[in-house]
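Pasted below: entry-v4.cif, mmCIF, C-alpha atoms.
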```
data_upload
#
loop_
_atom_site.label_atom_id
_atom_site.label_comp_id
_atom_site.auth_asym_id
_atom_site.auth_seq_id
_atom_site.Cartn_x
_atom_site.Cartn_y
_atom_site.Cartn_z
CA MET A 1 9.45 -26.84 -15.94
CA ASP A 2 5.92 -27.22 -17.23
CA ILE A 3 4.01 -30.49 -17.17
CA TYR A 4 4.83 -31.24 -20.81
CA ASP A 5 8.57 -31.03 -20.08
CA TYR A 6 8.02 -33.60 -17.33
CA LEU A 7 6.03 -35.81 -19.70
CA ASP A 8 8.90 -35.70 -22.21
CA LEU A 9 11.24 -36.80 -19.43
CA LEU A 10 8.85 -39.57 -18.46
CA GLN A 11 8.92 -40.95 -22.01
CA LYS A 12 12.72 -41.11 -21.83
CA ASP A 13 12.58 -42.71 -18.38
CA ILE A 14 10.17 -45.38 -19.64
CA GLN A 15 12.75 -46.44 -22.20
CA THR A 16 15.76 -46.41 -19.87
CA SER A 17 14.81 -46.92 -16.22
CA PRO A 18 13.23 -49.67 -14.13
CA ILE A 19 9.65 -49.15 -12.98
CA GLN A 20 10.55 -48.83 -9.29
CA GLU A 21 13.12 -46.14 -10.05
CA ILE A 22 10.63 -44.19 -12.16
CA GLU A 23 7.98 -44.38 -9.46
CA GLN A 24 10.39 -43.10 -6.81
CA ARG A 25 11.68 -40.29 -9.04
CA TYR A 26 8.18 -38.94 -9.73
CA PHE A 27 7.06 -39.39 -6.12
CA ASP A 28 10.01 -37.16 -5.21
CA ILE A 29 9.02 -34.61 -7.88
CA CYS A 30 5.42 -34.62 -6.62
CA THR A 31 6.63 -34.16 -3.04
CA LYS A 32 8.83 -31.24 -4.10
CA LEU A 33 6.06 -29.53 -6.09
CA CYS A 34 3.08 -30.09 -3.83
CA GLY A 35 4.16 -31.57 -0.53
CA THR A 36 4.30 -34.93 1.19
CA ASP A 37 0.60 -35.13 2.06
CA ILE A 38 -0.59 -35.00 -1.54
CA ALA A 39 2.20 -37.29 -2.78
CA LYS A 40 1.39 -39.84 -0.07
CA ALA A 41 -2.36 -39.64 -0.80
CA ILE A 42 -1.66 -40.56 -4.42
CA GLN A 43 0.92 -43.19 -3.50
CA LEU A 44 -1.40 -44.94 -1.03
CA VAL A 45 -4.18 -45.56 -3.56
CA SER A 46 -4.23 -49.32 -4.16
CA LEU A 47 -4.08 -50.11 -7.86
CA LYS A 48 -4.27 -53.90 -7.52
CA ASP A 49 -7.79 -54.21 -9.01
CA TYR A 50 -6.94 -51.63 -11.67
CA GLN A 51 -3.85 -53.55 -12.73
CA GLU A 52 -5.83 -56.80 -12.93
CA ALA A 53 -8.42 -55.07 -15.11
CA LEU A 54 -5.61 -53.71 -17.30
CA GLN A 55 -4.12 -57.19 -17.65
CA ASP A 56 -7.46 -58.57 -18.83
CA LEU A 57 -7.89 -55.63 -21.20
CA LEU A 58 -4.39 -55.99 -22.62
CA ALA A 59 -4.73 -59.75 -23.09
CA GLN A 60 -7.95 -59.21 -25.02
CA GLY A 61 -6.58 -56.24 -26.96
CA LEU A 62 -3.34 -57.92 -27.95
CA THR A 63 -5.27 -60.97 -29.15
CA VAL A 64 -7.52 -58.78 -31.30
CA ALA A 65 -4.55 -56.77 -32.59
CA TYR A 66 -2.68 -59.92 -33.55
CA SER A 67 -5.69 -61.49 -35.28
CA GLU A 68 -6.40 -58.30 -37.25
CA GLY A 69 -2.77 -57.67 -38.16
CA ALA A 70 -2.83 -54.33 -36.34
CA LYS A 71 0.42 -52.50 -35.75
CA ALA A 72 -0.44 -50.87 -32.42
CA ILE A 73 -2.68 -50.74 -29.41
CA TYR A 74 -3.31 -47.45 -27.71
CA PHE A 75 -4.78 -47.14 -24.21
CA GLU A 76 -6.45 -43.79 -23.59
CA TYR A 77 -7.84 -42.62 -20.24
CA ASP A 78 -9.82 -39.48 -19.51
CA LEU A 79 -8.53 -37.29 -16.68
CA ASP A 80 -11.79 -35.35 -16.56
CA ASN A 81 -14.12 -38.36 -16.39
CA ASP A 82 -12.91 -40.60 -13.56
CA TRP A 83 -10.13 -42.08 -15.66
CA ASP A 84 -12.67 -43.77 -17.99
CA SER A 85 -10.63 -45.62 -20.57
CA THR A 86 -10.65 -47.32 -23.94
CA LEU A 87 -8.12 -49.55 -25.67
CA PHE A 88 -7.91 -48.77 -29.36
CA ILE A 89 -6.65 -51.30 -31.88
CA CYS A 90 -4.81 -49.35 -34.57
CA GLU A 91 -4.06 -50.58 -38.06
CA ASP A 92 -1.16 -48.15 -38.53
CA TYR A 93 1.61 -46.75 -36.35
CA GLN A 94 4.31 -44.09 -36.49
CA PRO A 95 7.33 -44.07 -34.17
CA LEU A 96 7.83 -41.21 -31.73
CA GLU A 97 10.55 -39.64 -33.91
CA GLU A 98 8.01 -39.05 -36.70
CA GLU A 99 6.09 -36.64 -34.42
CA ASP A 100 2.81 -37.78 -35.95
CA ASP A 101 0.30 -39.55 -33.71
CA GLU A 102 -2.64 -39.29 -36.11
CA TRP A 103 -2.46 -43.09 -36.42
CA ALA A 104 -3.95 -43.28 -32.88
CA CYS A 105 -7.14 -41.57 -34.12
CA GLU A 106 -7.65 -44.13 -36.87
CA TRP A 107 -8.53 -47.33 -35.07
CA VAL A 108 -10.14 -50.50 -36.37
CA ASP A 109 -11.54 -51.76 -33.07
CA GLU A 110 -12.02 -50.55 -29.51
CA ILE A 111 -12.49 -52.19 -26.13
CA ASN A 112 -13.85 -50.35 -23.10
CA GLY A 113 -11.39 -50.31 -20.23
CA PRO A 114 -11.53 -49.70 -16.50
CA SER A 115 -12.19 -46.45 -14.67
CA LEU A 116 -10.32 -45.17 -11.64
CA ALA A 117 -12.65 -42.78 -9.80
CA THR A 118 -10.20 -42.27 -6.93
CA PHE A 119 -7.65 -40.78 -9.34
CA GLY A 120 -10.41 -38.73 -10.97
CA ASN A 121 -11.34 -37.26 -7.59
CA LEU A 122 -7.71 -36.48 -6.71
CA TYR A 123 -7.23 -34.85 -10.10
CA GLU A 124 -10.38 -32.72 -9.73
CA SER A 125 -9.18 -31.33 -6.43
CA HIS A 126 -6.00 -29.85 -7.95
CA GLY A 127 -6.56 -29.39 -11.68
CA PHE A 128 -4.15 -29.98 -14.55
CA ASP A 129 -1.26 -27.52 -14.46
CA ASP A 130 -2.20 -24.05 -13.19
CA THR A 131 -0.01 -24.31 -10.08
CA ASN A 132 2.99 -26.31 -8.92
CA GLU A 133 0.58 -28.33 -6.78
CA ALA A 134 -1.50 -29.13 -9.86
CA ILE A 135 1.57 -30.03 -11.93
CA GLY A 136 3.01 -32.28 -9.23
CA SER A 137 -0.21 -34.11 -8.47
CA THR A 138 -1.30 -34.51 -12.10
CA LEU A 139 2.14 -35.73 -13.10
CA TYR A 140 2.24 -38.33 -10.33
CA LEU A 141 -1.28 -39.54 -11.15
CA ILE A 142 -0.22 -39.93 -14.79
CA VAL A 143 3.00 -41.70 -13.81
CA ARG A 144 1.20 -44.19 -11.57
CA THR A 145 -1.29 -44.88 -14.38
CA VAL A 146 1.45 -45.39 -16.97
CA LEU A 147 3.45 -47.65 -14.64
CA GLU A 148 0.43 -49.84 -13.86
CA TYR A 149 -0.15 -50.18 -17.60
CA MET A 150 3.50 -51.15 -18.02
CA ARG A 151 3.25 -53.71 -15.22
CA ALA A 152 0.11 -55.17 -16.75
CA TYR A 153 1.79 -55.32 -20.18
CA ASN A 154 4.81 -57.06 -18.68
CA GLU A 155 2.47 -59.71 -17.24
CA VAL A 156 0.67 -60.44 -20.53
CA ASN A 157 3.38 -59.72 -23.09
CA ALA A 158 2.40 -62.47 -25.50
CA PHE A 159 2.64 -60.47 -28.74
CA PRO A 160 5.75 -58.27 -28.62
CA LYS A 161 5.37 -57.46 -32.33
CA VAL A 162 2.62 -54.95 -31.55
CA ASN A 163 3.44 -51.37 -30.58
CA VAL A 164 1.99 -50.56 -27.17
CA CYS A 165 1.08 -46.98 -26.24
CA ILE A 166 -0.79 -45.02 -23.58
CA GLY A 167 -1.98 -41.47 -23.15
CA PHE A 168 -4.61 -39.34 -21.50
CA HIS A 169 -7.36 -37.91 -23.71
CA ASP A 170 -5.83 -35.35 -26.12
CA GLN A 171 -2.24 -36.09 -25.04
CA ASP A 172 0.27 -35.44 -27.80
CA PRO A 173 2.54 -37.23 -28.19
CA VAL A 174 1.29 -40.45 -26.64
CA MET A 175 3.67 -42.52 -24.50
CA ARG A 176 5.38 -45.48 -26.12
CA ILE A 177 5.63 -48.50 -23.81
CA ASN A 178 6.87 -50.91 -26.46
CA GLU A 179 8.01 -50.07 -29.96
CA ALA A 180 8.20 -53.25 -31.99
CA ALA A 181 10.88 -52.65 -34.61
CA SER A 182 9.54 -55.40 -36.86
CA VAL A 183 6.28 -53.57 -37.52
CA LEU A 184 7.56 -50.03 -37.96
#
```
Let me see the file written as structure tokens.
Amino acid sequence: MDIYDYLDLLQKDIQTSPIQEIEQRYFDICTKLCGTDIAKAIQLVSLKDYQEALQDLLAQGLTVAYSEGAKAIYFEYDLDNDWDSTLFICEDYQPLEEEDDEWACEWVDEINGPSLATFGNLYESHGFDDTNEAIGSTLYLIVRTVLEYMRAYNEVNAFPKVNVCIGFHDQDPVMRINEAASVL
């Protein structure tokens, strides 16, 4: 499987499985593809401060989205730049089935988000997807990022009528964390 096949599976898992189960499944995949040492190194990175920063970002972003009547928020992080991130407030939205994420490029507001240099350094040491080691480590870094975003969203879920998405820079399609049927 290539990394994009795994990302497709992750999107399905997000919709059907509990966070703990997803984290364990992708830890196991990382271990299988690149060994216990790399998987443990990624697993042992504390994301407590990152999750708190995401909670603050989401609270602010959801408030802006609600006040502007936006249909979606989209969190984008940059694998190549220490996980620098931005939360985009998007006026429009298309569900995953439409296979059209151009809405995420047409935002009405943006809020700078947190960085995660430790993940950036781990990513740099293995690359994106040239080897099984790269696929396993990149996938697990992405999974941990997505799951922290989900945890943060679950903590601040004040406006469930907004679609909530996440993706790394140039990811297509972006991950859907919450699809609010009432605004589709």
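Shell of Lys48 in chain A at 12 Å, with all atoms listed in the file counted and residues fewer than 6 places along the chain excluded, is Leu54, Gln55, Leu116, Arg144, Thr145, Glu148, Tyr149, Arg151 and Ala152 of chain A.
If only C-alpha atoms are the atoms counted, then among A:His169, A:Lys161, A:Arg25, A:Lys12 the closest residue to Gly136 in chain A is A:Arg25.
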Inset, instruction - Neighbourhood query: residues within 9 Å of (-1.7, -43.4, -38.3), file coordinates, counting all atoms listed in the file; return as a list in words. - result: Cys90, Glu91, Asp92, Tyr93, Gln94, Asp100, Asp101, Glu102, Trp103, Ala104, Cys105, Glu106 and Trp107 of chain A
Taking C-alpha atoms for each residue, export the selection above as an mmCIF file, keeping the file's coordinate frame.
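Saved result, part05.cif, follows:
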```cif
data_model
loop_
_atom_site.group_PDB
_atom_site.id
_atom_site.type_symbol
_atom_site.label_atom_id
_atom_site.label_comp_id
_atom_site.auth_asym_id
_atom_site.auth_seq_id
_atom_site.Cartn_x
_atom_site.Cartn_y
_atom_site.Cartn_z
ATOM 1 C CA CYS A 90 -4.810 -49.350 -34.570
ATOM 2 C CA GLU A 91 -4.060 -50.580 -38.060
ATOM 3 C CA ASP A 92 -1.160 -48.150 -38.530
ATOM 4 C CA TYR A 93 1.610 -46.750 -36.350
ATOM 5 C CA GLN A 94 4.310 -44.090 -36.490
ATOM 6 C CA ASP A 100 2.810 -37.780 -35.950
ATOM 7 C CA ASP A 101 0.300 -39.550 -33.710
ATOM 8 C CA GLU A 102 -2.640 -39.290 -36.110
ATOM 9 C CA TRP A 103 -2.460 -43.090 -36.420
ATOM 10 C CA ALA A 104 -3.950 -43.280 -32.880
ATOM 11 C CA CYS A 105 -7.140 -41.570 -34.120
ATOM 12 C CA GLU A 106 -7.650 -44.130 -36.870
ATOM 13 C CA TRP A 107 -8.530 -47.330 -35.070
#
```
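For the choices A:Val143, A:Leu79, A:Ala70, A:Ala65, the atom-to-atom distance to Leu10 in chain A is smallest for A:Val143 when using only C-alpha atoms.
Comparing the minimum interatomic distances between Pro114 in chain A and each of A:Ala72, A:Leu7, A:Leu57, A:Cys34, counting all atoms listed in the file, we find that A:Leu57 sits nearest.
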Report as an mmCIF file with C-alpha atoms, keeping the file's coordinate frame the residues that result from applying the PyMOL selection byres ((chain A and resi 177) around 6) to the structure here.
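Result written to part.cif:
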```cif
data_model
loop_
_atom_site.group_PDB
_atom_site.id
_atom_site.type_symbol
_atom_site.label_atom_id
_atom_site.label_comp_id
_atom_site.auth_asym_id
_atom_site.auth_seq_id
_atom_site.Cartn_x
_atom_site.Cartn_y
_atom_site.Cartn_z
ATOM 1 C CA VAL A 164 1.990 -50.560 -27.170
ATOM 2 C CA CYS A 165 1.080 -46.980 -26.240
ATOM 3 C CA ARG A 176 5.380 -45.480 -26.120
ATOM 4 C CA ASN A 178 6.870 -50.910 -26.460
#
```
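You can rank A:Pro18, A:Gly35, A:Tyr4, A:Glu23 by their closest distance to Asn132 in chain A using all atoms listed in the file, and at the top of that list sits A:Gly35.
Listed by chain and then by number, the residues chosen by the PyMOL selection byres ((chain A and resi 113) around 8) in this file are Ala53, Leu54, Leu57, Asp84, Ser85, Thr86, Leu87, Ile111, Asn112, Pro114 and Ser115 of chain A.
If you apply the PyMOL selection byres ((chain A and resi 2) around 12) to this structure, you end up with A:Met1, A:Ile3, A:Tyr4, A:Asp5, A:Tyr6, A:Leu7, A:Asp8, A:Leu9, A:Leu33, A:Phe128, A:Asp129, A:Asp130, A:Thr131, A:Asn132, A:Glu133, A:Ala134, A:Ile135, A:Gly136, A:Thr138, A:Leu139.
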Inset, instruction - Calculate how many Å separate CA of Ser46 in chain A from CA of Val64 in chain A, rounding to one decimal. - result: 28.9 Å
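Nearest-residue note for Ala180 in chain A: choosing from A:Gly127, A:Gly120, A:Pro95, A:Gly167, the minimum distance belongs to A:Pro95, counting only C-alpha atoms.
Distance-wise, CA of Lys71 in chain A and CA of Leu58 in chain A end up 14.4 Å apart.
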Using all atoms listed in the file, determine which residues lie at most 8 Å from Gln43 in chain A, disregarding the query and same-chain residues fewer than 3 positions distant; provide the list as a CSV table (one decimal) with C-alpha atoms, in the frame of the given file.
```csv
chain,number,residue,atom,x,y,z
A,27,PHE,CA,7.1,-39.4,-6.1
A,39,ALA,CA,2.2,-37.3,-2.8
A,40,LYS,CA,1.4,-39.8,-0.1
```
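Counting from CA of Asn157 in chain A, the distance to CA of Ile142 in chain A is 21.8 Å.
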